[in-house]
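Below is structure_34.pdb, which holds PDB, C-alpha atoms and all ligand atoms.
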ATOM      1  CA  MET A   1      -7.390 -49.211  29.987  1.00  0.00           C
ATOM      2  CA  SER A   2      -3.909 -49.611  31.499  1.00  0.00           C
ATOM      3  CA  THR A   3      -1.743 -46.519  32.078  1.00  0.00           C
ATOM      4  CA  GLN A   4       0.611 -47.755  29.373  1.00  0.00           C
ATOM      5  CA  ALA A   5      -2.206 -48.039  26.804  1.00  0.00           C
ATOM      6  CA  ALA A   6      -3.455 -44.544  27.770  1.00  0.00           C
ATOM      7  CA  ASN A   7       0.049 -43.175  27.098  1.00  0.00           C
ATOM      8  CA  VAL A   8       0.062 -44.706  23.630  1.00  0.00           C
ATOM      9  CA  VAL A   9      -3.218 -43.128  22.508  1.00  0.00           C
ATOM     10  CA  SER A  10      -2.829 -39.662  24.127  1.00  0.00           C
ATOM     11  CA  GLU A  11      -0.611 -37.094  22.368  1.00  0.00           C
ATOM     12  CA  PRO A  12       2.268 -35.505  24.306  1.00  0.00           C
ATOM     13  CA  PRO A  13       1.111 -32.010  25.435  1.00  0.00           C
ATOM     14  CA  GLN A  14       3.611 -30.070  23.284  1.00  0.00           C
ATOM     15  CA  THR A  15       2.177 -31.451  20.020  1.00  0.00           C
ATOM     16  CA  VAL A  16      -1.442 -30.501  20.869  1.00  0.00           C
ATOM     17  CA  MET A  17      -2.375 -27.521  18.681  1.00  0.00           C
ATOM     18  CA  PRO A  18      -3.838 -24.570  20.619  1.00  0.00           C
ATOM     19  CA  LEU A  19      -7.440 -23.647  19.725  1.00  0.00           C
ATOM     20  CA  ARG A  20      -7.204 -20.024  20.849  1.00  0.00           C
ATOM     21  CA  TYR A  21      -4.591 -17.334  21.277  1.00  0.00           C
ATOM     22  CA  THR A  22      -3.071 -16.880  24.734  1.00  0.00           C
ATOM     23  CA  ARG A  23      -4.262 -14.055  26.991  1.00  0.00           C
ATOM     24  CA  THR A  24      -1.027 -12.110  26.334  1.00  0.00           C
ATOM     25  CA  ALA A  25      -1.565 -12.337  22.580  1.00  0.00           C
ATOM     26  CA  MET A  26      -5.189 -11.192  22.958  1.00  0.00           C
ATOM     27  CA  VAL A  27      -4.259  -8.192  25.141  1.00  0.00           C
ATOM     28  CA  LEU A  28      -1.513  -7.163  22.699  1.00  0.00           C
ATOM     29  CA  HIS A  29      -3.797  -7.632  19.657  1.00  0.00           C
ATOM     30  CA  TRP A  30      -6.689  -5.485  20.956  1.00  0.00           C
ATOM     31  CA  LEU A  31      -4.492  -2.858  22.604  1.00  0.00           C
ATOM     32  CA  ILE A  32      -2.476  -2.371  19.401  1.00  0.00           C
ATOM     33  CA  ALA A  33      -5.691  -2.315  17.307  1.00  0.00           C
ATOM     34  CA  LEU A  34      -7.245   0.343  19.566  1.00  0.00           C
ATOM     35  CA  LEU A  35      -4.105   2.508  19.593  1.00  0.00           C
ATOM     36  CA  ILE A  36      -3.749   2.276  15.795  1.00  0.00           C
ATOM     37  CA  ILE A  37      -7.373   3.370  15.306  1.00  0.00           C
ATOM     38  CA  CYS A  38      -6.824   6.323  17.701  1.00  0.00           C
ATOM     39  CA  ASN A  39      -3.663   7.263  15.819  1.00  0.00           C
ATOM     40  CA  VAL A  40      -5.275   7.124  12.379  1.00  0.00           C
ATOM     41  CA  VAL A  41      -8.083   9.393  13.650  1.00  0.00           C
ATOM     42  CA  LEU A  42      -5.612  11.817  15.285  1.00  0.00           C
ATOM     43  CA  GLY A  43      -3.287  11.803  12.227  1.00  0.00           C
ATOM     44  CA  LEU A  44      -6.117  12.499   9.781  1.00  0.00           C
ATOM     45  CA  THR A  45      -7.864  15.161  11.867  1.00  0.00           C
ATOM     46  CA  ALA A  46      -4.906  16.940  13.553  1.00  0.00           C
ATOM     47  CA  GLU A  47      -4.970  19.943  11.222  1.00  0.00           C
ATOM     48  CA  SER A  48      -8.700  20.533  11.692  1.00  0.00           C
ATOM     49  CA  PHE A  49      -8.342  21.287  15.415  1.00  0.00           C
ATOM     50  CA  PRO A  50      -7.973  24.902  16.653  1.00  0.00           C
ATOM     51  CA  ASP A  51      -4.354  26.137  16.364  1.00  0.00           C
ATOM     52  CA  SER A  52      -3.841  26.028  20.133  1.00  0.00           C
ATOM     53  CA  TRP A  53      -4.652  22.276  20.095  1.00  0.00           C
ATOM     54  CA  VAL A  54      -2.691  21.097  17.063  1.00  0.00           C
ATOM     55  CA  ARG A  55       0.688  20.815  18.818  1.00  0.00           C
ATOM     56  CA  ARG A  56      -0.791  18.739  21.636  1.00  0.00           C
ATOM     57  CA  ILE A  57      -2.738  16.493  19.233  1.00  0.00           C
ATOM     58  CA  VAL A  58       0.341  15.825  17.061  1.00  0.00           C
ATOM     59  CA  ASP A  59       2.471  15.161  20.175  1.00  0.00           C
ATOM     60  CA  THR A  60      -0.122  12.654  21.428  1.00  0.00           C
ATOM     61  CA  HIS A  61      -0.129  11.041  17.958  1.00  0.00           C
ATOM     62  CA  LYS A  62       3.664  10.655  18.102  1.00  0.00           C
ATOM     63  CA  SER A  63       3.547   9.223  21.648  1.00  0.00           C
ATOM     64  CA  ILE A  64       0.866   6.682  20.730  1.00  0.00           C
ATOM     65  CA  GLY A  65       2.844   5.745  17.590  1.00  0.00           C
ATOM     66  CA  ILE A  66       6.036   5.060  19.566  1.00  0.00           C
ATOM     67  CA  THR A  67       3.985   3.042  22.098  1.00  0.00           C
ATOM     68  CA  VAL A  68       2.594   0.978  19.192  1.00  0.00           C
ATOM     69  CA  LEU A  69       6.145   0.359  17.955  1.00  0.00           C
ATOM     70  CA  GLY A  70       7.133  -1.014  21.393  1.00  0.00           C
ATOM     71  CA  LEU A  71       3.998  -3.157  21.684  1.00  0.00           C
ATOM     72  CA  VAL A  72       4.462  -4.552  18.163  1.00  0.00           C
ATOM     73  CA  LEU A  73       8.028  -5.575  19.025  1.00  0.00           C
ATOM     74  CA  LEU A  74       6.602  -7.425  22.065  1.00  0.00           C
ATOM     75  CA  ARG A  75       3.968  -8.988  19.803  1.00  0.00           C
ATOM     76  CA  ILE A  76       6.683 -10.218  17.430  1.00  0.00           C
ATOM     77  CA  LEU A  77       8.547 -11.724  20.396  1.00  0.00           C
ATOM     78  CA  TRP A  78       5.330 -13.508  21.385  1.00  0.00           C
ATOM     79  CA  ARG A  79       4.831 -14.692  17.806  1.00  0.00           C
ATOM     80  CA  VAL A  80       8.304 -16.198  17.423  1.00  0.00           C
ATOM     81  CA  SER A  81       8.090 -17.939  20.787  1.00  0.00           C
ATOM     82  CA  HIS A  82       4.538 -19.340  20.467  1.00  0.00           C
ATOM     83  CA  ARG A  83       2.631 -21.380  17.963  1.00  0.00           C
ATOM     84  CA  PRO A  84      -0.573 -19.555  16.946  1.00  0.00           C
ATOM     85  CA  PRO A  85      -3.758 -21.641  16.648  1.00  0.00           C
ATOM     86  CA  PRO A  86      -4.004 -22.990  13.073  1.00  0.00           C
ATOM     87  CA  LEU A  87      -6.897 -21.881  10.864  1.00  0.00           C
ATOM     88  CA  PRO A  88      -9.691 -24.480  10.559  1.00  0.00           C
ATOM     89  CA  LYS A  89      -8.831 -27.139   7.948  1.00  0.00           C
ATOM     90  CA  ALA A  90     -12.215 -26.553   6.296  1.00  0.00           C
ATOM     91  CA  PHE A  91     -10.968 -23.231   4.871  1.00  0.00           C
ATOM     92  CA  PRO A  92      -9.604 -23.453   1.310  1.00  0.00           C
ATOM     93  CA  LYS A  93      -5.850 -23.306   0.769  1.00  0.00           C
ATOM     94  CA  TRP A  94      -5.963 -19.856  -0.834  1.00  0.00           C
ATOM     95  CA  GLU A  95      -7.566 -18.437   2.326  1.00  0.00           C
ATOM     96  CA  HIS A  96      -4.779 -19.900   4.482  1.00  0.00           C
ATOM     97  CA  MET A  97      -2.236 -18.306   2.126  1.00  0.00           C
ATOM     98  CA  ALA A  98      -4.073 -14.956   2.005  1.00  0.00           C
ATOM     99  CA  ALA A  99      -4.303 -14.861   5.821  1.00  0.00           C
ATOM    100  CA  HIS A 100      -0.573 -15.589   6.236  1.00  0.00           C
ATOM    101  CA  ILE A 101       0.414 -12.945   3.665  1.00  0.00           C
ATOM    102  CA  ALA A 102      -1.951 -10.346   5.197  1.00  0.00           C
ATOM    103  CA  HIS A 103      -0.611 -11.027   8.711  1.00  0.00           C
ATOM    104  CA  PHE A 104       2.998 -10.744   7.551  1.00  0.00           C
ATOM    105  CA  LEU A 105       2.273  -7.456   5.727  1.00  0.00           C
ATOM    106  CA  LEU A 106       0.405  -6.133   8.770  1.00  0.00           C
ATOM    107  CA  TYR A 107       3.502  -6.752  10.911  1.00  0.00           C
ATOM    108  CA  LEU A 108       5.623  -4.895   8.331  1.00  0.00           C
ATOM    109  CA  LEU A 109       3.218  -1.946   8.311  1.00  0.00           C
ATOM    110  CA  MET A 110       2.910  -1.832  12.091  1.00  0.00           C
ATOM    111  CA  ILE A 111       6.693  -1.393  12.176  1.00  0.00           C
ATOM    112  CA  GLY A 112       6.993   0.760   9.022  1.00  0.00           C
ATOM    113  CA  LEU A 113       4.311   3.296   9.966  1.00  0.00           C
ATOM    114  CA  PRO A 114       5.777   4.365  13.313  1.00  0.00           C
ATOM    115  CA  LEU A 115       9.326   4.256  11.918  1.00  0.00           C
ATOM    116  CA  SER A 116       8.436   6.473   8.925  1.00  0.00           C
ATOM    117  CA  GLY A 117       6.600   8.859  11.310  1.00  0.00           C
ATOM    118  CA  TRP A 118       9.634   8.973  13.583  1.00  0.00           C
ATOM    119  CA  LEU A 119      11.952   9.677  10.631  1.00  0.00           C
ATOM    120  CA  HIS A 120       9.539  12.332   9.285  1.00  0.00           C
ATOM    121  CA  ASP A 121       9.499  14.004  12.701  1.00  0.00           C
ATOM    122  CA  SER A 122      13.304  13.748  13.072  1.00  0.00           C
ATOM    123  CA  ALA A 123      13.721  15.593   9.736  1.00  0.00           C
ATOM    124  CA  TRP A 124      11.419  18.423  10.907  1.00  0.00           C
ATOM    125  CA  LYS A 125      13.356  21.717  10.772  1.00  0.00           C
ATOM    126  CA  ASP A 126      12.232  22.664  14.312  1.00  0.00           C
ATOM    127  CA  ALA A 127      12.940  19.255  15.879  1.00  0.00           C
ATOM    128  CA  ALA A 128      16.016  20.501  17.768  1.00  0.00           C
ATOM    129  CA  THR A 129      14.108  23.356  19.428  1.00  0.00           C
ATOM    130  CA  HIS A 130      11.018  21.203  20.162  1.00  0.00           C
ATOM    131  CA  PRO A 131      12.262  18.127  22.062  1.00  0.00           C
ATOM    132  CA  MET A 132       9.887  15.198  22.058  1.00  0.00           C
ATOM    133  CA  HIS A 133       8.397  13.799  25.293  1.00  0.00           C
ATOM    134  CA  LEU A 134       6.285  10.637  25.391  1.00  0.00           C
ATOM    135  CA  PHE A 135       2.868  11.764  26.654  1.00  0.00           C
ATOM    136  CA  GLY A 136       4.545  14.965  27.859  1.00  0.00           C
ATOM    137  CA  LEU A 137       6.510  12.977  30.465  1.00  0.00           C
ATOM    138  CA  ILE A 138       9.397  10.869  29.198  1.00  0.00           C
ATOM    139  CA  PRO A 139      12.093  12.455  26.984  1.00  0.00           C
ATOM    140  CA  TRP A 140      12.249  10.602  23.664  1.00  0.00           C
ATOM    141  CA  PRO A 141      15.149  10.959  21.185  1.00  0.00           C
ATOM    142  CA  ARG A 142      14.889  11.917  17.521  1.00  0.00           C
ATOM    143  CA  VAL A 143      16.840   9.861  14.968  1.00  0.00           C
ATOM    144  CA  GLY A 144      20.164  11.704  15.460  1.00  0.00           C
ATOM    145  CA  PHE A 145      21.767  11.348  12.061  1.00  0.00           C
ATOM    146  CA  VAL A 146      18.610  12.623  10.316  1.00  0.00           C
ATOM    147  CA  MET A 147      18.226  15.588  12.672  1.00  0.00           C
ATOM    148  CA  HIS A 148      21.811  16.699  12.043  1.00  0.00           C
ATOM    149  CA  LEU A 149      21.724  16.565   8.230  1.00  0.00           C
ATOM    150  CA  ASP A 150      22.172  19.636   6.047  1.00  0.00           C
ATOM    151  CA  PRO A 151      18.912  21.720   6.273  1.00  0.00           C
ATOM    152  CA  VAL A 152      18.162  21.561   2.515  1.00  0.00           C
ATOM    153  CA  LEU A 153      18.527  17.768   2.394  1.00  0.00           C
ATOM    154  CA  LYS A 154      16.591  17.494   5.653  1.00  0.00           C
ATOM    155  CA  GLU A 155      13.681  19.505   4.233  1.00  0.00           C
ATOM    156  CA  SER A 156      13.444  17.218   1.212  1.00  0.00           C
ATOM    157  CA  LEU A 157      13.672  14.121   3.447  1.00  0.00           C
ATOM    158  CA  HIS A 158      10.955  15.593   5.675  1.00  0.00           C
ATOM    159  CA  ASP A 159       8.626  15.675   2.637  1.00  0.00           C
ATOM    160  CA  ARG A 160       9.632  12.200   1.465  1.00  0.00           C
ATOM    161  CA  PHE A 161       9.232  10.528   4.855  1.00  0.00           C
ATOM    162  CA  GLY A 162       5.914  12.372   5.261  1.00  0.00           C
ATOM    163  CA  ALA A 163       4.705  11.018   1.898  1.00  0.00           C
ATOM    164  CA  LEU A 164       5.921   7.522   2.837  1.00  0.00           C
ATOM    165  CA  HIS A 165       4.036   7.785   6.148  1.00  0.00           C
ATOM    166  CA  THR A 166       0.848   8.771   4.260  1.00  0.00           C
ATOM    167  CA  TRP A 167       1.211   5.925   1.704  1.00  0.00           C
ATOM    168  CA  LEU A 168       1.900   3.332   4.372  1.00  0.00           C
ATOM    169  CA  GLY A 169      -1.298   4.615   5.990  1.00  0.00           C
ATOM    170  CA  TYR A 170      -3.226   3.879   2.740  1.00  0.00           C
ATOM    171  CA  ALA A 171      -1.720   0.367   2.627  1.00  0.00           C
ATOM    172  CA  LEU A 172      -2.774  -0.115   6.262  1.00  0.00           C
ATOM    173  CA  TYR A 173      -6.394   0.848   5.486  1.00  0.00           C
ATOM    174  CA  ALA A 174      -6.477  -1.679   2.603  1.00  0.00           C
ATOM    175  CA  LEU A 175      -4.990  -4.487   4.699  1.00  0.00           C
ATOM    176  CA  LEU A 176      -7.194  -3.744   7.694  1.00  0.00           C
ATOM    177  CA  ALA A 177     -10.241  -3.910   5.397  1.00  0.00           C
ATOM    178  CA  MET A 178      -9.047  -7.344   4.186  1.00  0.00           C
ATOM    179  CA  HIS A 179      -8.263  -8.535   7.709  1.00  0.00           C
ATOM    180  CA  VAL A 180     -11.607  -7.430   9.198  1.00  0.00           C
ATOM    181  CA  GLY A 181     -13.514  -8.453   6.031  1.00  0.00           C
ATOM    182  CA  GLY A 182     -11.990 -11.951   6.193  1.00  0.00           C
ATOM    183  CA  ALA A 183     -12.932 -12.347   9.868  1.00  0.00           C
ATOM    184  CA  LEU A 184     -16.516 -11.210   9.162  1.00  0.00           C
ATOM    185  CA  LYS A 185     -16.801 -13.528   6.132  1.00  0.00           C
ATOM    186  CA  HIS A 186     -15.864 -16.512   8.341  1.00  0.00           C
ATOM    187  CA  GLN A 187     -18.301 -15.285  10.981  1.00  0.00           C
ATOM    188  CA  TRP A 188     -21.362 -14.623   8.825  1.00  0.00           C
ATOM    189  CA  ILE A 189     -20.945 -16.487   5.511  1.00  0.00           C
ATOM    190  CA  ASP A 190     -18.860 -19.566   6.420  1.00  0.00           C
ATOM    191  CA  LYS A 191     -20.496 -19.679   9.899  1.00  0.00           C
ATOM    192  CA  LYS A 192     -17.135 -20.738  11.323  1.00  0.00           C
ATOM    193  CA  SER A 193     -16.022 -18.007  13.717  1.00  0.00           C
ATOM    194  CA  VAL A 194     -12.333 -17.201  14.021  1.00  0.00           C
ATOM    195  CA  ILE A 195     -13.006 -14.084  16.140  1.00  0.00           C
ATOM    196  CA  THR A 196     -13.698 -16.296  19.186  1.00  0.00           C
ATOM    197  CA  ARG A 197     -10.037 -17.412  19.023  1.00  0.00           C
ATOM    198  CA  MET A 198      -8.958 -13.826  19.774  1.00  0.00           C
ATOM    199  CA  VAL A 199     -11.481 -12.892  22.516  1.00  0.00           C
ATOM    200  CA  PRO A 200     -11.242 -13.972  26.175  1.00  0.00           C
TER     201      PRO A 200
HETATM  202  C1  LIG B   1       0.649   3.346  14.825  1.00  0.00           C
HETATM  203  C2  LIG B   1       1.484   4.170  14.274  1.00  0.00           C
HETATM  204  C3  LIG B   1       1.066   5.326  13.420  1.00  0.00           C
HETATM  205  C4  LIG B   1      -0.028   5.452  12.593  1.00  0.00           C
HETATM  206  C5  LIG B   1      -1.124   4.423  12.305  1.00  0.00           C
HETATM  207  C6  LIG B   1       0.050   6.783  12.005  1.00  0.00           C
HETATM  208  C7  LIG B   1      -0.874   7.292  11.087  1.00  0.00           C
HETATM  209  C8  LIG B   1      -0.836   8.585  10.580  1.00  0.00           C
HETATM  210  C9  LIG B   1      -1.788   9.124   9.638  1.00  0.00           C
HETATM  211  C10 LIG B   1      -2.967   8.365   9.043  1.00  0.00           C
HETATM  212  C11 LIG B   1      -1.438  10.402   9.385  1.00  0.00           C
HETATM  213  C12 LIG B   1      -2.108  11.379   8.406  1.00  0.00           C
HETATM  214  C13 LIG B   1      -1.333  11.304   7.103  1.00  0.00           C
HETATM  215  C14 LIG B   1      -1.932  12.179   6.028  1.00  0.00           C
HETATM  216  O1  LIG B   1      -3.112  12.482   6.066  1.00  0.00           O
HETATM  217  O2  LIG B   1      -1.188  12.558   5.108  1.00  0.00           O
HETATM  218  C15 LIG B   1      -0.266  10.702  10.179  1.00  0.00           C
HETATM  219  C16 LIG B   1       0.384  11.946  10.223  1.00  0.00           C
HETATM  220  C17 LIG B   1       1.509  12.216  10.986  1.00  0.00           C
HETATM  221  N1  LIG B   1       2.228  11.327  11.764  1.00  0.00           N
HETATM  222 FE1  LIG B   1       1.719   9.389  12.109  1.00  0.00          FE
HETATM  223  N2  LIG B   1       1.169   7.428  12.492  1.00  0.00           N
HETATM  224  C18 LIG B   1       1.816   6.568  13.365  1.00  0.00           C
HETATM  225  C19 LIG B   1       2.977   6.834  14.055  1.00  0.00           C
HETATM  226  C20 LIG B   1       3.683   8.042  14.069  1.00  0.00           C
HETATM  227  C21 LIG B   1       4.898   8.315  14.824  1.00  0.00           C
HETATM  228  C22 LIG B   1       5.617   7.308  15.721  1.00  0.00           C
HETATM  229  C23 LIG B   1       5.238   9.607  14.571  1.00  0.00           C
HETATM  230  C24 LIG B   1       6.408  10.407  15.092  1.00  0.00           C
HETATM  231  C25 LIG B   1       7.170  10.084  16.109  1.00  0.00           C
HETATM  232  C26 LIG B   1       4.244  10.147  13.660  1.00  0.00           C
HETATM  233  C27 LIG B   1       4.255  11.445  13.163  1.00  0.00           C
HETATM  234  C28 LIG B   1       3.306  11.991  12.343  1.00  0.00           C
HETATM  235  C29 LIG B   1       3.263  13.374  11.935  1.00  0.00           C
HETATM  236  C30 LIG B   1       4.257  14.474  12.351  1.00  0.00           C
HETATM  237  C31 LIG B   1       2.137  13.519  11.100  1.00  0.00           C
HETATM  238  C32 LIG B   1       1.628  14.816  10.454  1.00  0.00           C
HETATM  239  C33 LIG B   1       0.568  15.377  11.411  1.00  0.00           C
HETATM  240  C34 LIG B   1       0.109  16.743  10.961  1.00  0.00           C
HETATM  241  O3  LIG B   1       0.862  17.676  11.167  1.00  0.00           O
HETATM  242  O4  LIG B   1      -0.995  16.809  10.396  1.00  0.00           O
HETATM  243  N3  LIG B   1       3.323   9.170  13.368  1.00  0.00           N
HETATM  244  N4  LIG B   1       0.094   9.577  10.878  1.00  0.00           N
END

Whole structure given in structure tokens:
Amino acid sequence: MSTQAANVVSEPPQTVMPLRYTRTAMVLHWLIALLIICNVVLGLTAESFPDSWVRRIVDTHKSIGITVLGLVLLRILWRVSHRPPPLPKAFPKWEHMAAHIAHFLLYLLMIGLPLSGWLHDSAWKDAATHPMHLFGLIPWPRVGFVMHLDPVLKESLHDRFGALHTWLGYALYALLAMHVGGALKHQWIDKKSVITRMVP
């Protein structure tokens, strides 16, 4: 075949759809997943630790949460600058839709959870006398306008942001169950793995 004929049949590289996520996307995906699992465990169990541990556990929870927020922002940058591999065409349309909606909501929750935690912590009455340090090392600001509100309003906001944080947590558990359940269904029932697209 002449070079000219070969050019006609082969697609230009930028239109070739990727089959797997890039290494950066994989690292961000699994790192964020691991940190979120750690944070759910720490958030749910913090109060059951001995009193002398609670402060350190909650501080670690906050530090991991802020780290997740930063990593999710990087992940969103990756997402808007790259085309993710499309789902196999064999999957029904509703599954494509469900996956897109679940992914979008997961992004919202991965932003909303740390932000609500940060707001909850900024409305804490003792925030001013207990400055926050990421992993005990790097000074991290509270949300200034919340910290300086009138104490009565701040106390009520502390409760509301805390409740929001808890409810966003429930929504996260439901979506994670869908997300993992969907991946396992493709793996075991449809016998068409999508997990391999996200592992090196
Ligand atoms: C990946 C992000 C995060 C996840 C998945 C997460 C998850 C959770 C969960 C599941 C709880 C327990 C809620 C309950 O049982 O009512 C919790 C509590 C809490 N979270 Fe977060 N959180 C995140 C980020 C943050 C951030 C960034 C902060 C603050 C800067 C924060 C501050 C708190 C506080 C103060 C509590 C109450 C802990 C206690 O005293 O028992 N969270 N979080």

Skipping near chain neighbours, those fewer than 5 positions away, what residues fall within 12 Å of Trp167 of chain A using all atoms listed in the file, listed as a list in words?
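My reading of the contact set: Leu109, Gly112, Leu113, Ser116, Gly117, Arg160, Phe161, Gly162, Leu172, Tyr173 and Ala174 of chain A.
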
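Counting only C-alpha atoms and all ligand atoms and comparing A:Phe145, A:Trp118, A:Phe104, A:Trp188, the residue that lies closest to ligand LIG 1 (chain B) is A:Trp118.
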
Report as a ChimeraX atom specification which protein, DNA and RNA residues come within 6 Å of ligand LIG 1 (chain B), using all atoms listed in the file.
/A:36,39-40,43-44,46-47,58,62,65-66,68,113-114,117-118,121,166,169

Select, from A:Val199, A:Leu137, A:Val27, A:Ala123, the residue with the minimum atom-to-atom distance to Asp59 of chain A, counting all atoms listed in the file.
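Distance minimum relative to Asp59 of chain A lands on A:Leu137.
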
So that I can see what lies close to Leu77 of chain A, please list as a short mmCIF file (atom, residue, chain, number, x, y, z; two decimals) with C-alpha atoms, in the coordinates of the input the residues with an atom at most 12 Å from it, counting only C-alpha atoms and leaving out residues fewer than 6 positions away in the same chain.
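Result saved to selection_4.cif:
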data_model
loop_
_atom_site.label_atom_id
_atom_site.label_comp_id
_atom_site.auth_asym_id
_atom_site.auth_seq_id
_atom_site.Cartn_x
_atom_site.Cartn_y
_atom_site.Cartn_z
CA THR A 24 -1.03 -12.11 26.33
CA ALA A 25 -1.56 -12.34 22.58
CA LEU A 28 -1.51 -7.16 22.70
CA GLY A 70 7.13 -1.01 21.39
CA LEU A 71 4.00 -3.16 21.68
CA ARG A 83 2.63 -21.38 17.96
CA TYR A 107 3.50 -6.75 10.91
#

In Å, how far is it from atom CA of Leu69 of chain A to atom CA of Leu115 of chain A?
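Atom CA of Leu69 of chain A sits 7.9 Å away from atom CA of Leu115 of chain A.
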
To one decimal place in Å, what is the distance between atom CA of Ala98 of chain A and atom CA of Ala163 of chain A?
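Between atom CA of Ala98 of chain A and atom CA of Ala163 of chain A the gap is 27.4 Å.
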
State, in Å with one decimal place, the distance from atom CA of Trp78 of chain A to atom CA of Thr22 of chain A.
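Going from atom CA of Trp78 of chain A over to atom CA of Thr22 of chain A covers 9.7 Å.
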
Please give the centre and size of the box around segment 140-154 of chain A (axis-aligned, containing every atom listed in the file, 8 Å added per side), with values in Å to one decimal and written as lines of an AutoDock Vina configuration file.
center_x = 17.2
center_y = 15.8
center_z = 13.0
size_x = 25.9
size_y = 27.9
size_z = 37.3

What does the PyMOL selection byres (((chain A and resi 56) around 12) and not hetatm) select in this file, as a ChimeraX atom specification?
/A:42-43,46-47,49-55,57-63,132-136

Residue nearest Pro18 of chain A among A:His186, A:Met110, A:Pro84, A:Leu149 (counting all atoms listed in the file)
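Ranked by minimum distance to Pro18 of chain A, first place goes to A:Pro84.
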
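Shortest separation to Leu119 of chain A among A:Pro86, A:Lys191, A:Leu34, A:Asp159 occurs at residue A:Asp159, atoms counted being all atoms listed in the file.
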
On this structure, the PyMOL selection byres (((chain A and resi 88) around 10) and not hetatm) would catch which residues? List them as a ChimeraX atom specification, sorted by chain and number.
/A:19,85-87,89-92,96,192-194

Skipping near chain neighbours, those fewer than 4 positions away, what residues fall within 9 Å of Lys125 of chain A using all atoms listed in the file, listed as a ChimeraX atom specification?
/A:121,129,147,151,154-155,158

From A:Arg197, A:Ile111, A:Ala183, A:His148, residue lying nearest Ala127 of chain A [only C-alpha atoms]:
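For Ala127 of chain A, the nearest of the given residues is A:His148.
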
Please provide the set of residues having any atom within 9 Å of Leu175 of chain A, restricted to all atoms listed in the file, with same-chain residues fewer than 3 positions apart removed, written as an mmCIF file with C-alpha atoms, in the coordinates of the input.
data_model
loop_
_atom_site.group_PDB
_atom_site.id
_atom_site.type_symbol
_atom_site.label_atom_id
_atom_site.label_comp_id
_atom_site.auth_asym_id
_atom_site.auth_seq_id
_atom_site.Cartn_x
_atom_site.Cartn_y
_atom_site.Cartn_z
ATOM 1 C CA ALA A 102 -1.951 -10.346 5.197
ATOM 2 C CA HIS A 103 -0.611 -11.027 8.711
ATOM 3 C CA LEU A 105 2.273 -7.456 5.727
ATOM 4 C CA LEU A 106 0.405 -6.133 8.770
ATOM 5 C CA TYR A 170 -3.226 3.879 2.740
ATOM 6 C CA ALA A 171 -1.720 0.367 2.627
ATOM 7 C CA LEU A 172 -2.774 -0.115 6.262
ATOM 8 C CA MET A 178 -9.047 -7.344 4.186
ATOM 9 C CA HIS A 179 -8.263 -8.535 7.709
ATOM 10 C CA VAL A 180 -11.607 -7.430 9.198
#

Restricting the calculation to only C-alpha atoms, which member of A:Lys185, A:Val146, A:Pro141, A:Arg79 is positioned closest to Tyr21 of chain A?
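Checking each of A:Lys185, A:Val146, A:Pro141, A:Arg79 against Tyr21 of chain A, counting only C-alpha atoms, the winner is A:Arg79.
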
Could segment 145-156 of chain A be completed with N, CA and C atoms and written as a PDB file, keeping the file's coordinate frame, please?
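To be explicit, this is the file written out as part.pdb:
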ATOM      1  N   PHE A 145      21.057  11.025  13.296  1.00  0.00           N
ATOM      2  CA  PHE A 145      21.767  11.348  12.061  1.00  0.00           C
ATOM      3  C   PHE A 145      20.862  12.090  11.088  1.00  0.00           C
ATOM      4  N   VAL A 146      19.554  11.898  11.194  1.00  0.00           N
ATOM      5  CA  VAL A 146      18.610  12.623  10.316  1.00  0.00           C
ATOM      6  C   VAL A 146      18.497  14.077  10.801  1.00  0.00           C
ATOM      7  N   MET A 147      18.411  14.252  12.117  1.00  0.00           N
ATOM      8  CA  MET A 147      18.226  15.588  12.672  1.00  0.00           C
ATOM      9  C   MET A 147      19.418  16.491  12.368  1.00  0.00           C
ATOM     10  N   HIS A 148      20.615  15.880  12.229  1.00  0.00           N
ATOM     11  CA  HIS A 148      21.811  16.699  12.043  1.00  0.00           C
ATOM     12  C   HIS A 148      22.248  16.825  10.588  1.00  0.00           C
ATOM     13  N   LEU A 149      21.375  16.436   9.653  1.00  0.00           N
ATOM     14  CA  LEU A 149      21.724  16.565   8.230  1.00  0.00           C
ATOM     15  C   LEU A 149      21.679  18.037   7.805  1.00  0.00           C
ATOM     16  N   ASP A 150      22.231  18.293   6.620  1.00  0.00           N
ATOM     17  CA  ASP A 150      22.172  19.636   6.047  1.00  0.00           C
ATOM     18  C   ASP A 150      20.693  20.052   5.887  1.00  0.00           C
ATOM     19  N   PRO A 151      20.333  21.322   6.260  1.00  0.00           N
ATOM     20  CA  PRO A 151      18.912  21.720   6.273  1.00  0.00           C
ATOM     21  C   PRO A 151      18.172  21.497   4.954  1.00  0.00           C
ATOM     22  N   VAL A 152      18.868  21.710   3.804  1.00  0.00           N
ATOM     23  CA  VAL A 152      18.162  21.561   2.515  1.00  0.00           C
ATOM     24  C   VAL A 152      17.795  20.095   2.294  1.00  0.00           C
ATOM     25  N   LEU A 153      18.774  19.204   2.543  1.00  0.00           N
ATOM     26  CA  LEU A 153      18.527  17.768   2.394  1.00  0.00           C
ATOM     27  C   LEU A 153      17.447  17.319   3.385  1.00  0.00           C
ATOM     28  N   LYS A 154      17.530  17.884   4.598  1.00  0.00           N
ATOM     29  CA  LYS A 154      16.591  17.494   5.653  1.00  0.00           C
ATOM     30  C   LYS A 154      15.160  17.880   5.259  1.00  0.00           C
ATOM     31  N   GLU A 155      15.021  19.065   4.641  1.00  0.00           N
ATOM     32  CA  GLU A 155      13.681  19.505   4.233  1.00  0.00           C
ATOM     33  C   GLU A 155      13.093  18.548   3.194  1.00  0.00           C
ATOM     34  N   SER A 156      13.978  18.130   2.243  1.00  0.00           N
ATOM     35  CA  SER A 156      13.444  17.218   1.212  1.00  0.00           C
ATOM     36  C   SER A 156      13.125  15.848   1.826  1.00  0.00           C
TER      37      SER A 156
END
